[in-house]
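Novice: My questions will all concern the structure given below.
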Amino acid sequence: MSKIKEGDVVARKSYSCDIYFKVVELMEDDAGKGHARLKGIDIRLCATAPLKDLEKIESSKVNEYWRKRIAENTKTLKRVLTRRTQERQKSFLRAAQEDPDNAGNMESFDLPGSVLHLDGDGEYLDLCLSTYKQLNVPYHGYRISEREQPKKVGELLRKYNPDLLVLTGHDGFIKGRKDFSDINNYYSSIYFVEAVKEARKYEKSRDDLVIFAGACQSHYEAILKAGANFASSPQRVLIHAYDPVFVVERVSYTSIYDPISLRDIIASTITGFDGIGGVETRGKYRLGVPRSPY
């Protein structure tokens with residue numbers, strides 16, 4: 001096996017190679033033993049591991065991993081678009097009932113909810129933004145560290161006036177700590193809480209500004225209490241990079257007339273109920289008629 005270097009994809013032997021990581025930094029401890037700082041390639045997890053515990057993953061296995069992920073994502077996108085077509089028809093029929101004489105001649109247009117996404121990790125942000133684009137969700141995205149998000153969120157909300165706000169990055173329960181209810185035992189949860197509170201100074205209503213906040217193992221209860229509509233992680237588990245996207249898409253394309261089924265929206269995420277939870281929320285989608293020929 002060749003020597004491990006920065007940028008390699010590896011897995012931890014002590015965890016049965018269950019998660020693939022990218023090596024972001026190599027270092028030595030006080031005893032001169034080599035360690036690596038790791039970042040999940042699609043799971044929002046940062047970790048440090050001794051080099052002797054790492055197994056370098058062959059490029060063919062990495063490619064196969066991504067092929068499976070892309071195939072799964074494609075299936076999810078198809079389900080999303082099928083659901084969206086059905087819901088759009090429902091909205092159109094509702095609009096047509098208001099003017100039944102012209103229903104057959106009406107051409108409509110979509111006005112989905114827009115999203116502002118702040119992420120502490122640029123690579124995960126790029127994954128999310130590319131998926132928003134595929135799903136036709138209007139978006140603005142910024143790579144802003146978890147620590148800086150409370151300082152920047154108000155300014156960006158005033159600039160873009162979005163319908164939805166996503167605050168993500170890296171988090172985790174600090175190794176050796178025991179009290180899951182103490183927010184000081186988490187790496188970044190306090191910053192997500194502070195950022196949500198700042199956002200609620202801009203817009204108090206959970207219906208007017210829908211907020212998703214949190215990352216892997218985040219303090220779910222504290223983030224919801226601060227004012228988020230959706231948060232991670234109820235069971236303090238790892239969440240997938242795409243989880244916020246699928247929550248946001250559902251809100252963005254659900255009619256303002258309709259409340260969103262919490263069961264349906266959370267079941268549509270990759271992590272599910274262990275990783276994502278929330279409170280009752282209304283959709284942000286508006287159907288417009290007629291469509292202008294210009």
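Letters A, B, ... go to the chains of the structure tokens in the order shown; residues in each chain start at 1; ligands are counted from 1 in the same order.
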Quick one: residues within 7 Å of range 243-248 of chain A, only C-alpha atoms, excluding same-chain residues fewer than 5 positions away - as a ChimeraX atom specification?

Specialist: /A:128,132,212,265,268-271

Novice: Do you know which residues are at most 12 Å from Glu28 in chain A counting only C-alpha atoms, after dropping those on the same chain fewer than 3 positions away, and could you put them as an MDAnalysis selection string?

Specialist: chainID A and resid 25 31:37 48:51

Novice: I need the residues from that last selection saved to file as a JSON list (two decimals), in the first residue's frame (with C-alpha atoms), if you can.

Specialist:
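To be explicit, this is the file written out as out.json:
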```json
[["chain", "number", "residue", "atom", "x", "y", "z"],
["A", 25, "GLU", "CA", -4.17, 17.31, 6.77],
["A", 31, "ALA", "CA", 5.35, 11.25, 20.45],
["A", 32, "GLY", "CA", 6.07, 11.65, 16.74],
["A", 33, "LYS", "CA", 3.29, 9.30, 15.62],
["A", 34, "GLY", "CA", 1.48, 10.19, 12.41],
["A", 35, "HIS", "CA", -2.17, 11.24, 12.40],
["A", 36, "ALA", "CA", -4.56, 12.52, 9.77],
["A", 37, "ARG", "CA", -7.41, 14.98, 9.91],
["A", 48, "THR", "CA", -8.79, 12.60, 13.46],
["A", 49, "ALA", "CA", -7.23, 9.14, 13.24],
["A", 50, "PRO", "CA", -3.78, 7.57, 13.53],
["A", 51, "LEU", "CA", -2.26, 6.73, 10.17]]
```

Novice: Would you please give, as an MDAnalysis selection string, all residues of range 38-210 of chain A that DSSP assigns to helix (DSSP H, G or I) based on the backbone?

Specialist: chainID A and resid 51:53 59:98 100:105 122:134 149:160 183:185 189:202

Novice: Run DSSP on the backbone and give me the residues of range 33-234 of chain A it puts in strand (DSSP E), as a PyMOL selection string.

Specialist: chain A and resi 34-40+46-50+54-56+109-111+115-119+139-143+164-168+210-213+230-231

Novice: Give me, as a VMD selection string, all polymer residues having an atom no more than 10 Å from Gly227 in chain A, counting only C-alpha atoms and skipping those fewer than 4 positions away in the same chain.

Specialist: chain A and resid 193 195 to 200 204 to 206 210 to 213 222 to 223 231

Novice: Would you mind reading off the distance between CA of Asp264 in chain A and CA of Arg79 in chain A, one decimal, in Å?

Specialist: 12.5 Å

Novice: Near Val10 in chain A, within 7 Å and counting only C-alpha atoms, which residues show up once chain neighbours fewer than 3 positions away are dropped, as a ChimeraX atom specification?

Specialist: /A:20-22,54-57

Novice: Return the single residue from A:Gly169, A:Asp208, A:Asp258, A:Lys5 that is closest to Met27 in chain A, with distances computed using only C-alpha atoms.

Specialist: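 The shortest atom-to-atom distance to Met27 in chain A comes from A:Lys5.
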
Novice: From the set A:Ser114, A:Asn229, A:Gln89, A:Ser252, which residue has the shortest atom-to-atom contact distance to Ile276 in chain A, counting only C-alpha atoms?

Specialist: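 Among the listed residues, A:Asn229 lies closest to Ile276 in chain A.
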
Novice: Using only C-alpha atoms, find each residue in range 173-244 of chain A having at least one atom no more than 9 Å away from range 41-47 of chain A; report its shortest atom-to-atom pair and that distance in Å (one decimal), rows by chain then rising number, as CSV.

Specialist:
```
residue,atom,partner,partner_atom,distance
A:Ala215,CA,A:Arg44,CA,6.5
A:Cys216,CA,A:Arg44,CA,5.7
A:Leu238,CA,A:Arg44,CA,6.6
A:Ile239,CA,A:Arg44,CA,6.0
A:His240,CA,A:Ile43,CA,4.6
A:Ala241,CA,A:Asp42,CA,5.5
A:Tyr242,CA,A:Asp42,CA,8.2
```

Novice: Write the residues of the selection above to a file with N, CA and C atoms, as a CSV table (one decimal), in the first residue's frame.

Specialist:
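What ended up in again-v9.csv:
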```csv
chain,number,residue,atom,x,y,z
A,215,ALA,N,-25.8,20.2,11.8
A,215,ALA,CA,-24.9,19.3,11.1
A,215,ALA,C,-24.9,17.9,11.8
A,216,CYS,N,-23.8,17.2,11.7
A,216,CYS,CA,-23.7,15.9,12.3
A,216,CYS,C,-23.7,16.0,13.9
A,238,LEU,N,-24.9,10.9,12.4
A,238,LEU,CA,-24.3,11.7,11.3
A,238,LEU,C,-25.4,12.0,10.3
A,239,ILE,N,-25.3,13.1,9.6
A,239,ILE,CA,-26.3,13.4,8.6
A,239,ILE,C,-25.6,13.5,7.2
A,240,HIS,N,-26.3,13.3,6.1
A,240,HIS,CA,-25.8,13.3,4.8
A,240,HIS,C,-25.7,14.8,4.3
A,241,ALA,N,-24.8,15.0,3.4
A,241,ALA,CA,-24.6,16.4,2.8
A,241,ALA,C,-25.9,16.8,2.1
A,242,TYR,N,-26.7,15.9,1.6
A,242,TYR,CA,-27.8,16.3,0.8
A,242,TYR,C,-29.1,16.5,1.7
```

Novice: Could you name the residues that touch Tyr191 in chain A at 6 Å or less, counting only C-alpha atoms, but leaving out those on the same chain fewer than 3 positions away, as a list in words?

Specialist: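 Neighbouring residues, sequence-local ones excluded: Glu146, Arg147, Ser188 and Glu194 of chain A.
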
Novice: Give the answer as one residue: which of A:Lys175, A:Lys61, A:Arg84, A:Lys284 has the shortest atom-to-atom distance to Pro162 in chain A, using only C-alpha atoms?

Specialist: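 Smallest distance to Pro162 in chain A is found for A:Lys284.
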